[in-house]
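Peer 1: Okay, so here is coords_38.pdb, and as you'll see once you scroll down, it has PDB, C-alpha atoms and all ligand atoms.
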MODEL        1
ATOM      1  CA  MET W  68    -142.848  85.717  62.124
ATOM      2  CA  ILE W  69    -140.967  86.304  65.367
ATOM      3  CA  THR W  70    -143.628  85.613  67.970
ATOM      4  CA  ASN W  71    -143.879  86.113  71.710
ATOM      5  CA  VAL W  72    -142.878  82.879  73.453
ATOM      6  CA  LYS W  73    -145.639  83.382  76.009
ATOM      7  CA  ASP W  74    -148.219  83.365  73.202
ATOM      8  CA  ILE W  75    -146.681  80.287  71.553
ATOM      9  CA  LEU W  76    -146.818  78.416  74.879
ATOM     10  CA  ALA W  77    -150.336  79.588  75.733
ATOM     11  CA  LYS W  78    -151.630  78.418  72.369
ATOM     12  CA  ALA W  79    -149.975  75.029  72.772
ATOM     13  CA  LYS W  80    -151.402  74.622  76.271
ATOM     14  CA  GLU W  81    -154.856  75.519  75.050
ATOM     15  CA  GLY W  82    -154.547  73.243  72.008
ATOM     16  CA  GLY W  83    -153.324  70.205  73.991
ATOM     17  CA  TYR W  84    -150.000  69.885  72.164
ATOM     18  CA  ALA W  85    -146.417  70.954  72.868
ATOM     19  CA  VAL W  86    -143.841  72.904  70.934
ATOM     20  CA  GLY W  87    -140.183  72.008  70.614
ATOM     21  CA  ALA W  88    -137.494  74.414  71.805
ATOM     22  CA  PHE W  89    -134.436  73.524  69.743
ATOM     23  CA  ASN W  90    -130.906  74.750  70.441
ATOM     24  CA  THR W  91    -128.967  76.230  67.574
ATOM     25  CA  VAL W  92    -125.261  76.996  67.339
ATOM     26  CA  ASN W  93    -124.668  78.129  63.777
ATOM     27  CA  LEU W  94    -126.099  78.816  60.315
ATOM     28  CA  GLU W  95    -126.592  75.132  59.520
ATOM     29  CA  THR W  96    -128.570  74.199  62.619
ATOM     30  CA  THR W  97    -130.610  77.404  62.427
ATOM     31  CA  ARG W  98    -131.581  76.780  58.796
ATOM     32  CA  ALA W  99    -132.345  73.141  59.596
ATOM     33  CA  ILE W 100    -134.726  74.083  62.431
ATOM     34  CA  VAL W 101    -136.480  76.794  60.442
ATOM     35  CA  GLU W 102    -136.863  74.549  57.388
ATOM     36  CA  ALA W 103    -138.255  71.718  59.512
ATOM     37  CA  ALA W 104    -140.812  74.031  61.122
ATOM     38  CA  GLN W 105    -141.766  75.327  57.708
ATOM     39  CA  GLU W 106    -142.187  71.887  56.193
ATOM     40  CA  MET W 107    -144.230  70.724  59.185
ATOM     41  CA  ARG W 108    -146.177  73.988  59.415
ATOM     42  CA  SER W 109    -145.333  74.123  63.098
ATOM     43  CA  PRO W 110    -144.719  76.890  65.615
ATOM     44  CA  ILE W 111    -141.286  76.537  67.164
ATOM     45  CA  ILE W 112    -138.814  78.017  69.624
ATOM     46  CA  ILE W 113    -135.170  78.465  68.671
ATOM     47  CA  GLN W 114    -132.780  78.921  71.554
ATOM     48  CA  ILE W 115    -129.167  79.779  72.230
ATOM     49  CA  THR W 116    -127.035  79.390  75.317
ATOM     50  CA  GLU W 117    -124.309  81.549  76.809
ATOM     51  CA  LYS W 118    -121.682  79.238  75.289
ATOM     52  CA  THR W 119    -123.256  79.687  71.873
ATOM     53  CA  MET W 120    -123.268  83.452  72.331
ATOM     54  CA  GLU W 121    -119.546  83.240  73.031
ATOM     55  CA  TYR W 122    -118.934  80.890  70.108
ATOM     56  CA  ALA W 123    -121.013  82.561  67.425
ATOM     57  CA  GLY W 124    -121.276  86.104  68.780
ATOM     58  CA  GLY W 125    -124.528  86.840  70.587
ATOM     59  CA  ARG W 126    -125.616  89.605  68.263
ATOM     60  CA  LEU W 127    -124.716  87.661  65.167
ATOM     61  CA  ILE W 128    -126.523  84.459  66.081
ATOM     62  CA  TYR W 129    -129.582  86.367  67.323
ATOM     63  CA  HIS W 130    -129.846  88.306  64.060
ATOM     64  CA  LEU W 131    -129.123  85.189  62.035
ATOM     65  CA  ILE W 132    -132.168  83.484  63.549
ATOM     66  CA  LYS W 133    -134.308  86.604  63.245
ATOM     67  CA  ASN W 134    -133.329  87.239  59.630
ATOM     68  CA  ASP W 135    -133.766  83.615  58.655
ATOM     69  CA  VAL W 136    -137.335  83.661  59.963
ATOM     70  CA  GLU W 137    -138.198  87.098  58.582
ATOM     71  CA  PHE W 138    -136.755  86.493  55.125
ATOM     72  CA  TYR W 139    -137.524  82.838  54.545
ATOM     73  CA  ALA W 140    -140.303  81.727  56.887
ATOM     74  CA  PRO W 141    -142.477  84.735  57.730
ATOM     75  CA  GLU W 142    -145.561  82.524  58.003
ATOM     76  CA  ILE W 143    -144.107  80.425  60.867
ATOM     77  CA  PRO W 144    -144.491  81.598  64.496
ATOM     78  CA  VAL W 145    -140.968  81.422  65.917
ATOM     79  CA  GLY W 146    -139.885  82.347  69.436
ATOM     80  CA  ILE W 147    -136.248  83.225  70.142
ATOM     81  CA  HIS W 148    -135.041  82.353  73.609
ATOM     82  CA  LEU W 149    -131.949  82.326  75.844
ATOM     83  CA  ASP W 150    -131.593  78.823  77.291
ATOM     84  CA  HIS W 151    -130.013  78.281  80.755
ATOM     85  CA  GLY W 152    -128.926  81.847  81.537
ATOM     86  CA  LYS W 153    -126.959  81.288  84.731
ATOM     87  CA  SER W 154    -126.396  84.872  85.911
ATOM     88  CA  PHE W 155    -128.150  88.215  85.990
ATOM     89  CA  GLU W 156    -125.344  89.618  83.814
ATOM     90  CA  ILE W 157    -125.924  87.152  80.970
ATOM     91  CA  ILE W 158    -129.646  87.940  81.091
ATOM     92  CA  GLN W 159    -128.848  91.653  80.797
ATOM     93  CA  ARG W 160    -126.559  90.939  77.847
ATOM     94  CA  ALA W 161    -129.158  88.818  76.061
ATOM     95  CA  VAL W 162    -131.887  91.400  76.585
ATOM     96  CA  ALA W 163    -129.601  94.206  75.373
ATOM     97  CA  ILE W 164    -129.020  92.227  72.175
ATOM     98  CA  GLY W 165    -132.777  91.923  71.656
ATOM     99  CA  LEU W 166    -133.739  88.439  72.843
ATOM    100  CA  PRO W 167    -137.447  88.546  73.673
ATOM    101  CA  SER W 168    -137.423  85.560  76.021
ATOM    102  CA  VAL W 169    -134.925  84.192  78.545
ATOM    103  CA  MET W 170    -134.454  81.397  81.026
ATOM    104  CA  TYR W 171    -132.843  82.223  84.318
ATOM    105  CA  ASP W 172    -131.486  78.929  85.633
ATOM    106  CA  GLY W 173    -130.844  79.219  89.348
ATOM    107  CA  SER W 174    -131.570  75.543  89.843
ATOM    108  CA  ARG W 175    -128.115  74.764  91.244
ATOM    109  CA  LYS W 176    -128.416  77.515  93.834
ATOM    110  CA  LYS W 177    -130.003  77.384  97.279
ATOM    111  CA  TYR W 178    -133.767  77.964  97.123
ATOM    112  CA  ALA W 179    -133.549  81.444  98.705
ATOM    113  CA  ASP W 180    -130.905  82.567  96.196
ATOM    114  CA  ASN W 181    -132.755  81.083  93.225
ATOM    115  CA  LEU W 182    -135.899  82.889  94.400
ATOM    116  CA  GLU W 183    -134.143  86.214  94.912
ATOM    117  CA  ILE W 184    -132.285  86.280  91.596
ATOM    118  CA  THR W 185    -135.241  84.947  89.593
ATOM    119  CA  LYS W 186    -137.369  87.738  91.077
ATOM    120  CA  LYS W 187    -134.736  90.310  90.105
ATOM    121  CA  VAL W 188    -134.596  88.847  86.565
ATOM    122  CA  VAL W 189    -138.395  88.972  86.246
ATOM    123  CA  ASP W 190    -138.544  92.628  87.384
ATOM    124  CA  PHE W 191    -135.822  93.550  84.921
ATOM    125  CA  CYS W 192    -137.280  91.558  82.016
ATOM    126  CA  HIS W 193    -140.977  92.285  82.435
ATOM    127  CA  GLU W 194    -140.323  95.995  82.373
ATOM    128  CA  LYS W 195    -138.910  95.419  78.879
ATOM    129  CA  GLY W 196    -141.619  93.001  77.746
ATOM    130  CA  VAL W 197    -139.271  89.986  77.902
ATOM    131  CA  CYS W 198    -140.644  86.575  79.033
ATOM    132  CA  VAL W 199    -138.896  84.632  81.767
ATOM    133  CA  GLN W 200    -138.624  80.902  82.391
ATOM    134  CA  GLY W 201    -137.402  79.747  85.805
ATOM    135  CA  GLU W 202    -136.315  76.328  87.032
ATOM    136  CA  LEU W 203    -136.949  74.602  90.319
ATOM    137  CA  GLY W 204    -135.514  71.252  91.261
ATOM    138  CA  SER W 205    -132.773  70.484  88.765
ATOM    139  CA  VAL W 206    -132.627  68.592  85.500
ATOM    140  CA  PRO W 207    -129.250  66.867  85.739
ATOM    141  CA  TYR W 208    -126.559  66.525  83.074
ATOM    142  CA  LEU W 209    -124.621  63.341  82.398
ATOM    143  CA  GLY W 210    -121.547  64.609  84.261
ATOM    144  CA  GLU W 211    -123.566  65.413  87.375
ATOM    145  CA  ILE W 212    -125.191  62.041  87.783
ATOM    146  CA  GLU W 213    -123.467  59.378  89.795
ATOM    147  CA  SER W 214    -123.247  56.028  88.037
ATOM    148  CA  GLY W 215    -125.360  53.132  89.237
ATOM    149  CA  GLU W 216    -128.599  53.797  91.113
ATOM    150  CA  VAL W 217    -129.674  57.405  90.740
ATOM    151  CA  ASP W 218    -131.250  59.117  93.705
ATOM    152  CA  TRP W 219    -133.876  60.941  91.613
ATOM    153  CA  GLU W 220    -135.494  62.433  94.721
ATOM    154  CA  LYS W 221    -132.672  64.909  95.111
ATOM    155  CA  TYR W 222    -133.274  66.392  91.657
ATOM    156  CA  MET W 223    -137.073  66.600  91.699
ATOM    157  CA  THR W 224    -139.221  69.740  91.753
ATOM    158  CA  ASP W 225    -141.111  70.116  95.020
ATOM    159  CA  PRO W 226    -144.761  70.901  94.115
ATOM    160  CA  GLY W 227    -145.402  73.009  97.243
ATOM    161  CA  GLN W 228    -142.248  75.037  96.744
ATOM    162  CA  ALA W 229    -143.110  75.410  93.050
ATOM    163  CA  ALA W 230    -146.408  77.093  93.968
ATOM    164  CA  SER W 231    -144.699  79.774  96.067
ATOM    165  CA  PHE W 232    -141.814  80.101  93.598
ATOM    166  CA  VAL W 233    -144.172  80.867  90.713
ATOM    167  CA  LYS W 234    -146.297  83.209  92.796
ATOM    168  CA  GLU W 235    -143.430  85.127  94.369
ATOM    169  CA  THR W 236    -141.258  85.457  91.278
ATOM    170  CA  GLY W 237    -143.945  86.126  88.665
ATOM    171  CA  ILE W 238    -142.198  83.885  86.094
ATOM    172  CA  ASP W 239    -143.994  83.133  82.806
ATOM    173  CA  ALA W 240    -142.975  79.467  82.573
ATOM    174  CA  LEU W 241    -141.450  76.847  84.854
ATOM    175  CA  ALA W 242    -138.910  74.132  83.974
ATOM    176  CA  VAL W 243    -139.673  71.015  85.975
ATOM    177  CA  ALA W 244    -137.656  68.013  87.129
ATOM    178  CA  ILE W 245    -139.699  64.800  87.291
ATOM    179  CA  GLY W 246    -137.051  62.224  86.427
ATOM    180  CA  ASN W 247    -135.920  63.832  83.169
ATOM    181  CA  ALA W 248    -132.234  64.402  82.428
ATOM    182  CA  HIS W 249    -130.127  66.235  79.871
ATOM    183  CA  ASP W 250    -128.027  64.273  77.360
ATOM    184  CA  PHE W 251    -128.748  60.656  76.455
ATOM    185  CA  PHE W 252    -128.650  59.581  80.080
ATOM    186  CA  LYS W 253    -130.994  56.787  81.121
ATOM    187  CA  GLU W 254    -133.819  58.734  82.717
ATOM    188  CA  LYS W 255    -136.157  57.577  85.458
ATOM    189  CA  ASP W 256    -137.992  54.518  84.073
ATOM    190  CA  VAL W 257    -141.358  56.094  84.737
ATOM    191  CA  PRO W 258    -141.461  59.883  85.165
ATOM    192  CA  ASP W 259    -143.068  61.050  88.389
ATOM    193  CA  TYR W 260    -146.509  61.783  86.905
ATOM    194  CA  ALA W 261    -148.154  62.243  90.318
ATOM    195  CA  ARG W 262    -145.639  64.959  91.147
ATOM    196  CA  LEU W 263    -146.260  66.617  87.790
ATOM    197  CA  ASP W 264    -150.007  66.516  88.446
ATOM    198  CA  MET W 265    -149.453  68.385  91.694
ATOM    199  CA  ILE W 266    -147.110  70.930  90.124
ATOM    200  CA  HIS W 267    -149.687  71.492  87.389
ATOM    201  CA  LYS W 268    -152.472  71.908  89.935
ATOM    202  CA  ASN W 269    -150.406  74.337  92.010
ATOM    203  CA  CYS W 270    -148.866  76.468  89.261
ATOM    204  CA  ASN W 271    -150.811  78.293  86.656
ATOM    205  CA  VAL W 272    -147.934  78.700  84.182
ATOM    206  CA  PRO W 273    -146.802  76.650  81.176
ATOM    207  CA  LEU W 274    -144.469  73.837  82.226
ATOM    208  CA  ILE W 275    -141.271  73.149  80.291
ATOM    209  CA  LEU W 276    -139.548  69.791  80.059
ATOM    210  CA  HIS W 277    -135.781  69.934  79.527
ATOM    211  CA  GLY W 278    -133.814  66.912  78.434
ATOM    212  CA  ALA W 279    -136.396  65.755  75.892
ATOM    213  CA  SER W 280    -133.985  64.444  73.247
ATOM    214  CA  ASP W 281    -134.806  60.862  74.151
ATOM    215  CA  TRP W 282    -138.504  61.294  74.911
ATOM    216  CA  GLU W 283    -140.833  59.268  72.725
ATOM    217  CA  ASN W 284    -144.574  59.199  72.101
ATOM    218  CA  GLY W 285    -145.960  57.523  75.248
ATOM    219  CA  ARG W 286    -144.269  59.718  77.847
ATOM    220  CA  VAL W 287    -144.747  62.820  75.758
ATOM    221  CA  ALA W 288    -148.523  62.379  75.658
ATOM    222  CA  GLU W 289    -148.669  61.687  79.410
ATOM    223  CA  VAL W 290    -146.880  64.899  80.365
ATOM    224  CA  ILE W 291    -148.734  67.068  77.847
ATOM    225  CA  LYS W 292    -151.935  66.000  79.629
ATOM    226  CA  ARG W 293    -150.331  67.312  82.814
ATOM    227  CA  GLY W 294    -149.414  70.816  81.695
ATOM    228  CA  VAL W 295    -146.137  70.425  79.772
ATOM    229  CA  CYS W 296    -146.334  72.496  76.610
ATOM    230  CA  CYS W 297    -142.690  72.743  75.573
ATOM    231  CA  PHE W 298    -139.877  70.192  75.215
ATOM    232  CA  ASN W 299    -136.198  71.201  74.995
ATOM    233  CA  VAL W 300    -134.053  69.314  72.497
ATOM    234  CA  ASP W 301    -130.343  69.702  71.882
ATOM    235  CA  THR W 302    -128.459  66.395  72.190
ATOM    236  CA  ALA W 303    -130.456  64.639  69.441
ATOM    237  CA  THR W 304    -129.764  67.355  66.876
ATOM    238  CA  ARG W 305    -126.097  67.705  67.863
ATOM    239  CA  LEU W 306    -125.615  63.986  67.408
ATOM    240  CA  ALA W 307    -127.405  63.949  64.068
ATOM    241  CA  PHE W 308    -125.122  66.721  62.828
ATOM    242  CA  ILE W 309    -121.886  65.214  64.103
ATOM    243  CA  ASN W 310    -122.624  61.613  63.097
ATOM    244  CA  ASN W 311    -123.535  62.704  59.606
ATOM    245  CA  LEU W 312    -120.353  64.716  59.293
ATOM    246  CA  ILE W 313    -118.174  61.898  60.624
ATOM    247  CA  ASN W 314    -119.745  59.449  58.164
ATOM    248  CA  SER W 315    -119.254  61.792  55.230
ATOM    249  CA  VAL W 316    -115.623  62.394  56.082
ATOM    250  CA  ARG W 317    -114.897  58.721  56.769
ATOM    251  CA  ASN W 318    -116.559  57.615  53.586
ATOM    252  CA  GLN W 319    -113.646  58.157  51.210
ATOM    253  CA  GLY W 320    -115.800  57.969  48.107
ATOM    254  CA  ASN W 321    -117.723  60.931  49.416
ATOM    255  CA  VAL W 322    -114.946  63.269  50.450
ATOM    256  CA  SER W 323    -115.474  66.666  49.010
ATOM    257  CA  PHE W 324    -113.595  69.917  49.254
ATOM    258  CA  ASP W 325    -116.912  71.674  49.038
ATOM    259  CA  ILE W 326    -117.733  72.288  52.673
ATOM    260  CA  ARG W 327    -121.236  73.346  51.654
ATOM    261  CA  LYS W 328    -121.864  69.777  50.549
ATOM    262  CA  LEU W 329    -120.597  68.270  53.810
ATOM    263  CA  LEU W 330    -122.308  70.788  56.070
ATOM    264  CA  GLY W 331    -125.385  70.786  53.857
ATOM    265  CA  GLU W 332    -125.838  67.048  54.385
ATOM    266  CA  ALA W 333    -125.337  67.431  58.128
ATOM    267  CA  ARG W 334    -127.945  70.180  58.086
ATOM    268  CA  GLU W 335    -130.398  67.825  56.365
ATOM    269  CA  ALA W 336    -129.806  65.240  59.070
ATOM    270  CA  VAL W 337    -130.673  67.848  61.723
ATOM    271  CA  ARG W 338    -133.753  68.897  59.786
ATOM    272  CA  ASP W 339    -134.992  65.290  59.749
ATOM    273  CA  VAL W 340    -134.591  64.946  63.507
ATOM    274  CA  VAL W 341    -136.426  68.225  64.147
ATOM    275  CA  LYS W 342    -139.280  67.103  61.876
ATOM    276  CA  LYS W 343    -139.540  63.820  63.758
ATOM    277  CA  LYS W 344    -139.654  65.623  67.088
ATOM    278  CA  ILE W 345    -142.289  68.081  65.884
ATOM    279  CA  LYS W 346    -144.471  65.137  64.927
ATOM    280  CA  ILE W 347    -143.993  63.507  68.351
ATOM    281  CA  PHE W 348    -144.810  66.768  70.166
ATOM    282  CA  GLY W 349    -147.940  67.205  68.054
ATOM    283  CA  SER W 350    -147.264  70.769  66.895
ATOM    284  CA  ASP W 351    -147.324  69.889  63.173
ATOM    285  CA  GLY W 352    -149.991  71.772  61.257
ATOM    286  CA  LYS W 353    -150.588  74.155  64.196
ATOM    287  CA  ILE W 354    -149.616  77.463  62.581
TER
HETATM  288  O1  LIG T 401    -129.170  72.189  78.304
HETATM  289  C1  LIG T 401    -128.643  72.888  77.464
HETATM  290  C2  LIG T 401    -127.716  72.490  76.424
HETATM  291  O2  LIG T 401    -127.898  71.184  75.989
HETATM  292  C3  LIG T 401    -126.290  72.778  76.844
HETATM  293  O3  LIG T 401    -125.822  73.569  75.872
HETATM  294  O4  LIG T 401    -123.346  73.335  75.713
HETATM  295  O5  LIG T 401    -124.566  75.274  74.740
HETATM  296  O6  LIG T 401    -124.305  75.103  77.207
HETATM  297  P1  LIG T 401    -124.407  74.360  75.921
HETATM  298  P1  LIG T 402    -131.251  67.224  75.725
HETATM  299  O1  LIG T 402    -129.864  67.128  76.264
HETATM  300  O2  LIG T 402    -132.075  66.043  76.097
HETATM  301  O3  LIG T 402    -131.293  67.492  74.275
HETATM  302  O4  LIG T 402    -131.940  68.510  76.440
HETATM  303  C1  LIG T 402    -131.689  69.790  75.943
HETATM  304  C2  LIG T 402    -132.118  70.863  76.867
HETATM  305  O5  LIG T 402    -132.781  70.664  77.859
HETATM  306  C3  LIG T 402    -131.687  72.222  76.541
HETATM  307  O6  LIG T 402    -132.082  73.150  77.488
HETATM  308 ZN    ZN T 403    -131.956  72.282  79.484
ENDMDL
END
Let me see the structure of the file written as structure tokens.

Peer 2:
Amino acid sequence: MITNVKDILAKAKEGGYAVGAFNTVNLETTRAIVEAAQEMRSPIIIQITEKTMEYAGGRLIYHLIKNDVEFYAPEIPVGIHLDHGKSFEIIQRAVAIGLPSVMYDGSRKKYADNLEITKKVVDFCHEKGVCVQGELGSVPYLGEIESGEVDWEKYMTDPGQAASFVKETGIDALAVAIGNAHDFFKEKDVPDYARLDMIHKNCNVPLILHGASDWENGRVAEVIKRGVCCFNVDTATRLAFINNLINSVRNQGNVSFDIRKLLGEAREAVRDVVKKKIKIFGSDGKI
């Protein structure tokens, strides 16, 4: 059942587990995520980005997710979310299409601009019953990080600023930077748990951890204790899909002209990764 993201997050926070927010780009990854959630009896968030809206057609991919859940997995609570909306215009477009939850990512902007636009997004979205995630500090991507020693300080969320940001914007969830990074980049050896403790103490909203593709059990449990109730995963599923496809095509004995076979196997590889992640996040059996 399509479920309010705010409710999914609140339940996870209360239950001491986290949900996975998985990016989809097409039919195969959507089916893989829904099937995994169904097999694990887990609530889940499925998200799309602006690039995916351009690639697949925003309306089409939104209704694909919605129909998949409504037809084939009505018993599973599924949130649909816009990931990393970088402008007010893309938020408007996503909301017009029907997305019930969005992220406005002003993390690369100056604080005052991030604050102002996030506030504008919240006013616009809340009037329509749409949830909003904001980001403070910035969770870097591979291409943004200098090689060698990383100066993590410059990416981190400031706990004091986070308190006023949450209060002044009215956001429903906050993405935090505590040494986490997108892609399979080597993250900070030990996440800044003390900082997360302070953010958690200062901000009474669910905390979201982006860049969780390479997060394993130990760290996951530590941040759940400190208010994180959602992990974003994209790189791990993309790689599973692509590596599977490359292997199938390279393996001459396996070459098939039936693209359903090739894409079907890649879809299974994605499903397995999503199931593994659900287990690590502890949302299995929580429907
Ligand atoms: O952090 C978000 C995604 O991993 C980037 O996805 O290539 O669809 O913008 P994108
Ligand atoms: P990964 O690159 O670690 O999969 O993070 C994905 C993400 O944060 C999407 O918003
Ligand atoms: Zn992200």

Peer 1: Could you list the protein, DNA and RNA residues that have any atom within 8 Å of ligand LIG 402 (chain T), counting only C-alpha atoms and all ligand atoms, and write them as a compact mmCIF listing (two decimals) with C-alpha atoms, in the frame of the given file?

Peer 2:
# COMPACT_ATOMS: atom_id res chain seq x y z
CA ALA W 88 -137.49 74.41 71.81
CA PHE W 89 -134.44 73.52 69.74
CA ASN W 90 -130.91 74.75 70.44
CA ASP W 150 -131.59 78.82 77.29
CA HIS W 151 -130.01 78.28 80.76
CA VAL W 206 -132.63 68.59 85.50
CA TYR W 208 -126.56 66.53 83.07
CA ALA W 248 -132.23 64.40 82.43
CA HIS W 249 -130.13 66.24 79.87
CA ASP W 250 -128.03 64.27 77.36
CA PHE W 251 -128.75 60.66 76.46
CA LEU W 276 -139.55 69.79 80.06
CA HIS W 277 -135.78 69.93 79.53
CA GLY W 278 -133.81 66.91 78.43
CA ALA W 279 -136.40 65.76 75.89
CA SER W 280 -133.99 64.44 73.25
CA ASP W 281 -134.81 60.86 74.15
CA PHE W 298 -139.88 70.19 75.22
CA ASN W 299 -136.20 71.20 75.00
CA VAL W 300 -134.05 69.31 72.50
CA ASP W 301 -130.34 69.70 71.88
CA THR W 302 -128.46 66.40 72.19
CA ALA W 303 -130.46 64.64 69.44
CA THR W 304 -129.76 67.36 66.88

Peer 1: Take the PyMOL selection byres (((chain W and resi 287) around 10) and not hetatm), run it mentally on this structure, and tell me the resulting residues as a PDB file with C-alpha atoms, in the frame of the given file.

Peer 2:
ATOM      1  CA  TYR W  84    -150.000  69.885  72.164  1.00  0.00           C
ATOM      2  CA  ALA W  85    -146.417  70.954  72.868  1.00  0.00           C
ATOM      3  CA  LEU W 276    -139.548  69.791  80.059  1.00  0.00           C
ATOM      4  CA  ALA W 279    -136.396  65.755  75.892  1.00  0.00           C
ATOM      5  CA  TRP W 282    -138.504  61.294  74.911  1.00  0.00           C
ATOM      6  CA  GLU W 283    -140.833  59.268  72.725  1.00  0.00           C
ATOM      7  CA  ASN W 284    -144.574  59.199  72.101  1.00  0.00           C
ATOM      8  CA  GLY W 285    -145.960  57.523  75.248  1.00  0.00           C
ATOM      9  CA  ARG W 286    -144.269  59.718  77.847  1.00  0.00           C
ATOM     10  CA  ALA W 288    -148.523  62.379  75.658  1.00  0.00           C
ATOM     11  CA  GLU W 289    -148.669  61.687  79.410  1.00  0.00           C
ATOM     12  CA  VAL W 290    -146.880  64.899  80.365  1.00  0.00           C
ATOM     13  CA  ILE W 291    -148.734  67.068  77.847  1.00  0.00           C
ATOM     14  CA  LYS W 292    -151.935  66.000  79.629  1.00  0.00           C
ATOM     15  CA  VAL W 295    -146.137  70.425  79.772  1.00  0.00           C
ATOM     16  CA  CYS W 296    -146.334  72.496  76.610  1.00  0.00           C
ATOM     17  CA  PHE W 298    -139.877  70.192  75.215  1.00  0.00           C
ATOM     18  CA  ILE W 347    -143.993  63.507  68.351  1.00  0.00           C
ATOM     19  CA  PHE W 348    -144.810  66.768  70.166  1.00  0.00           C
ATOM     20  CA  GLY W 349    -147.940  67.205  68.054  1.00  0.00           C
TER      21      GLY W 349
END

Peer 1: Between W:Gly320, W:Gly152, W:Gly294, W:Gly215, which has the minimum distance to ligand ZN 403 (chain T) (counting all atoms listed in the file)?

Peer 2: W:Gly152

Peer 1: Which of these, W:Pro141, W:Gly83, W:Pro207, W:Gly201, has the shortest distance to ligand LIG 401 (chain T) once you count all atoms listed in the file?

Peer 2: W:Pro207

Peer 1: Give as a list in words the residues that the PyMOL selection byres (((chain W and resi 309) around 12) and not hetatm) matches when applied to the coordinates above.

Peer 2: Glu95, Thr96, Thr302, Ala303, Thr304, Arg305, Leu306, Ala307, Phe308, Asn310, Asn311, Leu312, Ile313, Asn314, Ser315, Val316, Leu329, Leu330, Glu332, Ala333, Arg334, Glu335, Ala336 and Val337 of chain W

Peer 1: Please identify the residues whose atoms come within 6 Å of ligand LIG 401 (chain T), using all atoms listed in the file, and report them as a short mmCIF file (atom, residue, chain, number, x, y, z; two decimals) with C-alpha atoms, keeping the file's coordinate frame.

Peer 2:
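So out_5.cif came out as:
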data_model
loop_
_atom_site.label_atom_id
_atom_site.label_comp_id
_atom_site.auth_asym_id
_atom_site.auth_seq_id
_atom_site.Cartn_x
_atom_site.Cartn_y
_atom_site.Cartn_z
CA THR W 116 -127.04 79.39 75.32
CA LYS W 118 -121.68 79.24 75.29
CA THR W 119 -123.26 79.69 71.87
CA ASP W 301 -130.34 69.70 71.88
#

Peer 1: With all atoms listed in the file as the basis for distance, which of W:Asn93, W:Ser231, W:Thr236, W:Thr185 is at the shortest distance from W:Ile113?

Peer 2: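 Among the listed residues, W:Asn93 lies closest to W:Ile113.
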
Peer 1: Show me the residues close to (-128.4, 88.7, 64.9) - anything with an atom within 12 Å, counting only C-alpha atoms - and format the list as a ChimeraX atom specification.

Peer 2: /W:93-94,97,115,120,123-137,147,161,163-166

Peer 1: Could you write out as a PyMOL selection string the residues that the PyMOL selection byres (((chain W and resi 75) around 10) and not hetatm) matches in the shown file?

Peer 2: chain W and resi 70-74+76-80+85-86+110-112+144-146+296-297+354

Peer 1: When you draw a straight line from atom CA of W:Asp351 to atom CA of W:Glu106, how long is it in Å?

Peer 2: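 Straight-line distance from atom CA of W:Asp351 to atom CA of W:Glu106 works out to 8.9 Å.
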
Peer 1: Expressed in Å to a single decimal, how great is the separation between atom CA of W:His148 and atom CA of W:Pro167?

Peer 2: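 If I compute the distance from atom CA of W:His148 to atom CA of W:Pro167, I get 6.6 Å.
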
Peer 1: So how many Å separate atom CA of W:Ala99 and atom CA of W:Asp339, to one decimal?

Peer 2: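 According to the coordinates, atom CA of W:Ala99 and atom CA of W:Asp339 are separated by 8.3 Å.
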
Peer 1: Smallest atom-to-atom distance to ligand ZN 403 (chain T): which of W:Val162, W:Ile212, W:Met107, W:Met170, using all atoms listed in the file?

Peer 2: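 Nearest candidate to ligand ZN 403 (chain T) out of W:Val162, W:Ile212, W:Met107, W:Met170: W:Met170.
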
Peer 1: My list of candidates is W:Ala244, W:Ile266, W:Val169, W:Leu209. Which is closest to W:Ala229 when distances are computed with all atoms listed in the file?

Peer 2: W:Ile266

Peer 1: Within 6 Å of W:Ala240, counting all atoms listed in the file, which residues show up once you throw out same-chain ones fewer than 3 positions away? Write them as a PDB file with C-alpha atoms, in the coordinates of the input, please.

Peer 2:
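The resulting file, out_23.pdb, is reproduced below:
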ATOM      1  CA  GLN W 200    -138.624  80.902  82.391  1.00  0.00           C
ATOM      2  CA  VAL W 272    -147.934  78.700  84.182  1.00  0.00           C
ATOM      3  CA  PRO W 273    -146.802  76.650  81.176  1.00  0.00           C
ATOM      4  CA  LEU W 274    -144.469  73.837  82.226  1.00  0.00           C
TER       5      LEU W 274
END

Peer 1: For a quick check of understanding, using only C-alpha atoms, which of W:Glu81, W:Glu213, W:Glu235, W:Asp325 has the smallest distance to W:Lys253?

Peer 2: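 So, comparing all the options, the nearest one is W:Glu213.
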